[in-house]
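Comments concern the structure below.
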There are 2 protein chains.
Amino acid sequence: MPKTGKKTNHILDALPEAELVRMSGLLERVTMTLGEVIHETGALQKQVFFPIDCVVSLLYVLEDGDTAEVAIIGNEGVVGMPVITGGSRSPHRAIVQAAGSAFRMSSNALQKVFEHGGGAQQVLLRYSQALTIQIGQTAVCNRHHKLEQQLCRWMLMSIDRLPNDDLTMTQELIANMLGVRREGVTEAAGKLQAAGAIRYQRGRITVLDRLQLERLCCECYEVVNTEYDRLLPWDRTNPLHSDAARMPSPVRGRPDSTIDGIGEGQQAVVAASGSPLPSA
Amino acid sequence: MPKTGKKTNHILDALPEAELVRMSGLLERVTMTLGEVIHETGALQKQVFFPIDCVVSLLYVLEDGDTAEVAIIGNEGVVGMPVITGGSRSPHRAIVQAAGSAFRMSSNALQKVFEHGGGAQQVLLRYSQALTIQIGQTAVCNRHHKLEQQLCRWMLMSIDRLPNDDLTMTQELIANMLGVRREGVTEAAGKLQAAGAIRYQRGRITVLDRLQLERLCCECYEVVNTEYDRLLPWDRTNPLHSDAARMPSPVRGRPDSTIDGIGEGQQAVVAASGSPLPSA
DNA sequence: TCGGGTGTGTGCGCCAGCGTACATACTGGA
DNA sequence: TCCAGTATGTACGCTGGCGCACACACCCGA
């Protein structure tokens with residue numbers, strides 16, 4: 001779970017310094033605009049993305065045009081796992097669900113990093129499992145839980161990956177993500193607003209009471225978070241990413257850390273051979 | 001997709017011979033009994049399994065006891081991917097859904113095989129992606145498709161992994177897998193039987209008209225199959241595993257081949273290390 | 001042969017979510 | 001300032017699947 005480190009990418013942060021240095025020259029910071037399609041269904045994924053403060057959804061588009069989100073990826077992960085696992089394509093469309101920025105890297109470069117083995121490989125594999133678990137939980141949630149619960153889960157997962165508690169997102173788009181009717185979202189969101197958990201106005205949703213959302217939410221949210229914590233614990237143990245007591249309502253914001261610097265343009269990292277890298 | 005090679009495990013078959021030889025001494029053939037729990041939720045997975053003619057389901061058990069299958073694994077895959085990706089645990093229960101046999105291997109051994117890199121690593125990674133896609137499609141299917149369609153998909157996926165068109169499986173168990181009511185399965189299965197697609201009697205289902213099932217099925221089945229073909233094409237390209245024209249209704253049975261030999265009793269491969277034989 | 005366990009058939013009322021249609025309300029330009 | 005586009009609210013009937021209750025059918029063992 002991406003409950004901390006809201007400024008950089010956790011995968012990059014978790015890499016051993018030597019590997020990060022090797023990679024840094026290959027990373028390019030890019031802007032991700034809302035609605036942008038990063039990887040089209042079935043297309044060759046020539047580049048991969050490490051979100052910093054944006055959120056990307058993996059969406060499956062049915063033959064009849066209906067859609068369903070299978071996973072959310074933010075600064076806890078990387079968009080483009082198929083590049084590593086070998087297929088370099090996937091039936092999922094990767095689309096920017098919340099604008100922001102990310103590091104971009106060529107797929108070839110990532111493949112080399114992975115094949116080099118070591119810590120980077122391990123982190124990527126672990127993330128792969130976490131992502132798979134998230135997808136599995138989406139399946140479970142779709143089967144068993146009510147729209148309102150799913151909406152809570154979805155909003156929580158989204159703001160967990162964003163620097164604040166605002167979502168720039170119409171109910172129509174949320175409905176596409178969840179694979180439900182827009183009216184259904186309106187109704188569920190209306191209830192949540194009436195309860196004081198959220199507030200929204202024309203394409204902008206603000207989470208007011210995170211605890212309440214967590215209460216109204218199904219177990220799926222927690223299951224996935226637990227798995228991310230277990231598999232990618234660095235953000236919990238790393239003192240730079242302090243959030244010892246982040247549950248249930250994580251503390252936002254924390255002092256800049258050196259690695260954050262790479263956000264500004266890799267120079268920092270390149271230059272950072274001697275930087276105090278986290279990644280225990 | 002496991003539409004051929006109904007006698008051995010595809011992952012093992014796909015390995016370069018040298019690696020297979022290296023692994024062979026570590027493989028033990030075991031019997032898998034119906035209902036057996038291979039890996040419990042959250043438990044350390046000390047061993048992995050390469051199904052030969054059994055089927056294993058990955059099941060998520062909710063807090064309230066409800067269940068939902070997230071994936072089916074047969075002779076096209078391996079049960080225990082978390083061992084490779086690093087967690088060695090998963091929130092999914094692995095349970096034998098159709099009795100048969102499998103090759104068992106210690107997790108440590110599989111880790112070593114993977115870390116050694118090369119062909120085995122590649123095959124395992126590709127399988128990992130195929131499995132993830134399958135799980136994602138389960139999510140999509142749960143969201144958008146009718147019970148009857150899901151039942152068709154489930155039966156097709158099951159018999160694809162079995163040596164014949166019979167399923168020893170009560171409607172109650174199917175309901176658990178799909179995460180629906182038993183009565184719902186009764187009704188859907190009744191329709192399919194009336195249509196002549198299947199026949200069933202007390203815990204035994206026989207697929208009579210595979211094409212009809214495929215017609216009544218949703219796109220999810222095909223999507224997953226296509227992905228398996230793409231990622232693990234060996235069974236299509238490898239002349240030893242001829243099935244050029246297997247769609248839509250795969251031809252069952254084919255001549256023994258050298259690689260298949262390990263399926264029969266690994267003598268070919270394992271004899272070297274003084275192998276134990278089938279426990280069946 | 002009988003009885004009990006197990007698997008299947010069926011019929012209710014219920015409800016969440018769907019499809020549709022339309023009514024507002026907000027917002028950013030011309 | 002007004003308009004058009006977009007976002008949201010609401011209503012109504014429909015349907016699929018749920019929860020429950022119970023009847024029947026089959027199988028196996030005492």
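Each chain of the structure tokens is named A, B, ... in the order shown, its residues numbered from 1; ligands are numbered from 1 in display order.
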Based on only C-alpha atoms (C1' of nucleotides), which of the residues in chain B come within 9 Å of chain D? I want them as a PyMOL selection string.
chain B and resi 146-147+180-181+184+202
Store the residues of this selection in a file with C-alpha atoms, as a PDB file, in the first residue's frame.
```pdb
ATOM      1  CA  LYS B 146     -24.223 -13.735 -16.289  1.00  0.00           C
ATOM      2  CA  LEU B 147     -24.010 -16.758 -14.113  1.00  0.00           C
ATOM      3  CA  VAL B 180     -22.748 -17.824  -6.198  1.00  0.00           C
ATOM      4  CA  ARG B 181     -25.728 -19.700  -4.792  1.00  0.00           C
ATOM      5  CA  GLY B 184     -28.246 -20.579  -9.255  1.00  0.00           C
ATOM      6  CA  ARG B 202     -25.104 -36.482  -8.753  1.00  0.00           C
TER       7      ARG B 202
END
```
Which residues of chain B come within 9 Å of chain A, and what is each one's closest atom pair and distance in Å (one decimal), counting only C-alpha atoms, sorted by chain and residue number, as a Markdown table?
```
| residue | atom | partner | partner_atom | distance |
| --- | --- | --- | --- | --- |
| B:Tyr60 | CA | A:Val140 | CA | 7.3 |
| B:Leu62 | CA | A:Glu219 | CA | 8.0 |
| B:Glu63 | CA | A:Glu219 | CA | 7.8 |
| B:Asp66 | CA | A:His144 | CA | 8.3 |
| B:Thr67 | CA | A:Val140 | CA | 8.2 |
| B:Ala68 | CA | A:Val140 | CA | 5.9 |
| B:Glu69 | CA | A:Val140 | CA | 7.8 |
| B:Val70 | CA | A:Gly136 | CA | 5.8 |
| B:Ala71 | CA | A:Gly136 | CA | 8.4 |
| B:Met81 | CA | A:Gln129 | CA | 8.4 |
| B:Pro82 | CA | A:Gln129 | CA | 6.7 |
| B:Ile84 | CA | A:Leu125 | CA | 7.8 |
| B:Thr85 | CA | A:Leu125 | CA | 4.6 |
| B:Gly86 | CA | A:Arg126 | CA | 5.5 |
| B:Gly87 | CA | A:Leu231 | CA | 6.1 |
| B:Ser90 | CA | A:Ile133 | CA | 7.8 |
| B:Pro91 | CA | A:Ile133 | CA | 7.7 |
| B:His92 | CA | A:Ile133 | CA | 8.7 |
| B:Glu115 | CA | A:Gly117 | CA | 8.3 |
| B:Gly117 | CA | A:Glu115 | CA | 8.3 |
| B:Gln122 | CA | A:Gly86 | CA | 7.1 |
| B:Val123 | CA | A:Gly86 | CA | 8.7 |
| B:Leu124 | CA | A:Thr85 | CA | 8.4 |
| B:Leu125 | CA | A:Thr85 | CA | 4.7 |
| B:Arg126 | CA | A:Thr85 | CA | 5.2 |
| B:Tyr127 | CA | A:Thr85 | CA | 8.1 |
| B:Ser128 | CA | A:Thr85 | CA | 6.9 |
| B:Gln129 | CA | A:Thr85 | CA | 5.9 |
| B:Ala130 | CA | A:Gly87 | CA | 8.9 |
| B:Leu131 | CA | A:Thr132 | CA | 8.7 |
| B:Thr132 | CA | A:Thr132 | CA | 5.8 |
| B:Ile133 | CA | A:Pro91 | CA | 7.7 |
| B:Ile135 | CA | A:Gly136 | CA | 5.7 |
| B:Gly136 | CA | A:Ile135 | CA | 5.7 |
| B:Gln137 | CA | A:Ala139 | CA | 8.2 |
| B:Thr138 | CA | A:Ala139 | CA | 5.8 |
| B:Ala139 | CA | A:Ala139 | CA | 3.5 |
| B:Val140 | CA | A:Ala68 | CA | 5.9 |
| B:Cys141 | CA | A:Ala139 | CA | 8.2 |
| B:Asn142 | CA | A:Arg143 | CA | 5.4 |
| B:Arg143 | CA | A:Asn142 | CA | 5.4 |
| B:His144 | CA | A:Gly179 | CA | 7.6 |
| B:Leu178 | CA | A:Arg143 | CA | 8.5 |
| B:Gly179 | CA | A:Arg143 | CA | 6.9 |
| B:Val180 | CA | A:Arg143 | CA | 8.3 |
| B:Glu219 | CA | A:Glu63 | CA | 7.8 |
| B:Cys220 | CA | A:Leu62 | CA | 9.0 |
| B:Val223 | CA | A:Pro91 | CA | 8.0 |
| B:Glu227 | CA | A:Ser90 | CA | 8.2 |
| B:Arg230 | CA | A:Gly87 | CA | 7.8 |
| B:Leu231 | CA | A:Gly87 | CA | 6.1 |
```
Write down, as an NGL selection string, each residue of chain C that has any atom within 12 Å of an atom of chain A, counting only C-alpha atoms (C1' of nucleotides).
:C and (15-20 or 25-27)
Take the residues from that selection and write them out as a short mmCIF file (atom, residue, chain, number, x, y, z; two decimals), in the first residue's frame, keeping C-alpha atoms (C1' of nucleotides).
```cif
data_model
loop_
_atom_site.label_atom_id
_atom_site.label_comp_id
_atom_site.auth_asym_id
_atom_site.auth_seq_id
_atom_site.Cartn_x
_atom_site.Cartn_y
_atom_site.Cartn_z
"C1'" DC C 15 -33.19 -6.20 -3.41
"C1'" DA C 16 -29.24 -4.27 -5.91
"C1'" DG C 17 -28.12 -2.80 -9.99
"C1'" DC C 18 -29.59 -2.07 -14.95
"C1'" DG C 19 -31.67 0.59 -18.88
"C1'" DT C 20 -34.08 4.44 -19.97
"C1'" DA C 25 -27.52 22.68 -11.97
"C1'" DC C 26 -23.04 24.20 -12.61
"C1'" DT C 27 -19.30 26.26 -15.53
#
```
If you run DSSP on the backbone, which residues of region 79-163 of chain A are alpha helix (DSSP H), as a ChimeraX atom specification?
/A:81-85,107-115,118-144,147-160
Exercise: Val56 (chain B) partners within 10 Å, only C-alpha atoms (C1' of nucleotides), chain neighbours under 3 positions left out, as a PyMOL selection string
chain B and resi 32+34-38+49-51+59+71-75+77-79+93-100+158+161
Could you turn the residues from that selection into a file that holds C-alpha atoms, as a PDB file, in the first residue's frame?
```
ATOM      1  CA  MET B  32      -3.823 -35.028  -5.402  1.00  0.00           C
ATOM      2  CA  LEU B  34     -10.296 -33.949  -4.260  1.00  0.00           C
ATOM      3  CA  GLY B  35     -10.723 -31.178  -1.734  1.00  0.00           C
ATOM      4  CA  GLU B  36      -7.150 -31.356  -0.524  1.00  0.00           C
ATOM      5  CA  VAL B  37      -5.788 -27.989   0.524  1.00  0.00           C
ATOM      6  CA  ILE B  38      -2.383 -27.523  -1.030  1.00  0.00           C
ATOM      7  CA  PHE B  49       3.080 -28.386  -7.556  1.00  0.00           C
ATOM      8  CA  PHE B  50       3.107 -28.996 -11.280  1.00  0.00           C
ATOM      9  CA  PRO B  51      -0.282 -30.545 -12.044  1.00  0.00           C
ATOM     10  CA  LEU B  59      -9.786 -19.523  -3.784  1.00  0.00           C
ATOM     11  CA  ALA B  71      -7.848 -18.698 -10.861  1.00  0.00           C
ATOM     12  CA  ILE B  72      -7.728 -22.260 -12.088  1.00  0.00           C
ATOM     13  CA  ILE B  73      -4.429 -24.053 -12.485  1.00  0.00           C
ATOM     14  CA  GLY B  74      -3.924 -27.309 -14.330  1.00  0.00           C
ATOM     15  CA  ASN B  75      -1.184 -28.933 -16.324  1.00  0.00           C
ATOM     16  CA  GLY B  77       0.911 -24.131 -14.947  1.00  0.00           C
ATOM     17  CA  VAL B  78       2.332 -24.400 -11.491  1.00  0.00           C
ATOM     18  CA  VAL B  79       0.787 -23.926  -8.082  1.00  0.00           C
ATOM     19  CA  ARG B  93      -6.206 -20.981  -0.643  1.00  0.00           C
ATOM     20  CA  ALA B  94      -5.032 -23.534  -3.175  1.00  0.00           C
ATOM     21  CA  ILE B  95      -7.430 -26.432  -3.205  1.00  0.00           C
ATOM     22  CA  VAL B  96      -7.657 -29.525  -5.389  1.00  0.00           C
ATOM     23  CA  GLN B  97     -10.743 -29.135  -7.482  1.00  0.00           C
ATOM     24  CA  ALA B  98     -10.262 -32.244  -9.572  1.00  0.00           C
ATOM     25  CA  ALA B  99      -8.298 -35.220  -8.318  1.00  0.00           C
ATOM     26  CA  GLY B 100      -5.287 -36.536 -10.168  1.00  0.00           C
ATOM     27  CA  SER B 158     -11.774 -27.156 -16.174  1.00  0.00           C
ATOM     28  CA  ARG B 161      -7.078 -29.085 -17.959  1.00  0.00           C
TER      29      ARG B 161
END
```
Tell me which protein, DNA and RNA residues are within 7 Å of Ile11 (chain A), counting only C-alpha atoms (C1' of nucleotides), leaving out same-chain ones fewer than 2 positions away, and put them as a PDB file with C-alpha atoms, in the first residue's frame.
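Writing the result to part-v2.pdb gives the following:
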```
ATOM      1  CA  ASN A   9       8.125   6.230  -6.702  1.00  0.00           C
ATOM      2  CA  ASP A  13      13.149   4.195  -3.820  1.00  0.00           C
ATOM      3  CA  ALA A  14      13.453   0.567  -2.878  1.00  0.00           C
ATOM      4  CA  LEU A  15      16.248  -0.200  -5.278  1.00  0.00           C
ATOM      5  CA  GLU A  76       3.853   2.254  -5.173  1.00  0.00           C
ATOM      6  CA  GLY A  77       4.357   0.495  -8.472  1.00  0.00           C
ATOM      7  CA  VAL A 123      11.634  -5.705  -5.841  1.00  0.00           C
TER       8      VAL A 123
END
```
Please, what distance in Å, to one decimal, runs between CA of Ala188 (chain B) and CA of Pro163 (chain B)?
24.5 Å
Assign secondary structure with DSSP using the backbone only, and return the residues of region 35-278 of chain B in strand (DSSP E) as a VMD selection string.
chain B and resid 37 to 39 47 to 51 55 to 61 67 to 73 93 to 98 100 to 106 166 to 168 198 to 200 204 to 207
Those same residues, written as an mmCIF file, in the first residue's frame with C-alpha atoms?
```
data_model
loop_
_atom_site.group_PDB
_atom_site.id
_atom_site.type_symbol
_atom_site.label_atom_id
_atom_site.label_comp_id
_atom_site.auth_asym_id
_atom_site.auth_seq_id
_atom_site.Cartn_x
_atom_site.Cartn_y
_atom_site.Cartn_z
ATOM 1 C CA VAL B 37 -5.788 -27.989 0.524
ATOM 2 C CA ILE B 38 -2.383 -27.523 -1.030
ATOM 3 C CA HIS B 39 -1.668 -24.121 0.391
ATOM 4 C CA GLN B 47 6.332 -26.859 -1.819
ATOM 5 C CA VAL B 48 5.114 -26.152 -5.284
ATOM 6 C CA PHE B 49 3.080 -28.386 -7.556
ATOM 7 C CA PHE B 50 3.107 -28.996 -11.280
ATOM 8 C CA PRO B 51 -0.282 -30.545 -12.044
ATOM 9 C CA VAL B 55 -6.902 -29.167 -11.356
ATOM 10 C CA VAL B 56 -6.221 -26.770 -8.525
ATOM 11 C CA SER B 57 -8.251 -23.683 -7.726
ATOM 12 C CA LEU B 58 -7.017 -20.539 -6.089
ATOM 13 C CA LEU B 59 -9.786 -19.523 -3.784
ATOM 14 C CA TYR B 60 -10.257 -16.471 -1.655
ATOM 15 C CA VAL B 61 -12.211 -16.980 1.525
ATOM 16 C CA THR B 67 -15.655 -17.889 -1.290
ATOM 17 C CA ALA B 68 -14.569 -16.835 -4.752
ATOM 18 C CA GLU B 69 -12.211 -18.520 -7.117
ATOM 19 C CA VAL B 70 -9.644 -16.222 -8.614
ATOM 20 C CA ALA B 71 -7.848 -18.698 -10.861
ATOM 21 C CA ILE B 72 -7.728 -22.260 -12.088
ATOM 22 C CA ILE B 73 -4.429 -24.053 -12.485
ATOM 23 C CA ARG B 93 -6.206 -20.981 -0.643
ATOM 24 C CA ALA B 94 -5.032 -23.534 -3.175
ATOM 25 C CA ILE B 95 -7.430 -26.432 -3.205
ATOM 26 C CA VAL B 96 -7.657 -29.525 -5.389
ATOM 27 C CA GLN B 97 -10.743 -29.135 -7.482
ATOM 28 C CA ALA B 98 -10.262 -32.244 -9.572
ATOM 29 C CA GLY B 100 -5.287 -36.536 -10.168
ATOM 30 C CA SER B 101 -1.560 -36.369 -9.925
ATOM 31 C CA ALA B 102 1.132 -33.744 -9.942
ATOM 32 C CA PHE B 103 4.841 -33.296 -9.575
ATOM 33 C CA ARG B 104 5.865 -31.819 -6.296
ATOM 34 C CA MET B 105 9.018 -29.864 -5.671
ATOM 35 C CA SER B 106 10.401 -28.013 -2.710
ATOM 36 C CA ASP B 166 -15.986 -35.378 -17.166
ATOM 37 C CA LEU B 167 -16.044 -33.275 -14.061
ATOM 38 C CA THR B 168 -16.429 -34.926 -10.693
ATOM 39 C CA ILE B 198 -23.937 -31.092 -20.816
ATOM 40 C CA ARG B 199 -25.277 -34.001 -18.830
ATOM 41 C CA TYR B 200 -25.011 -34.446 -15.125
ATOM 42 C CA ARG B 204 -20.649 -35.820 -12.139
ATOM 43 C CA ILE B 205 -20.879 -33.508 -15.116
ATOM 44 C CA THR B 206 -20.108 -34.520 -18.664
ATOM 45 C CA VAL B 207 -19.580 -32.016 -21.410
#
```
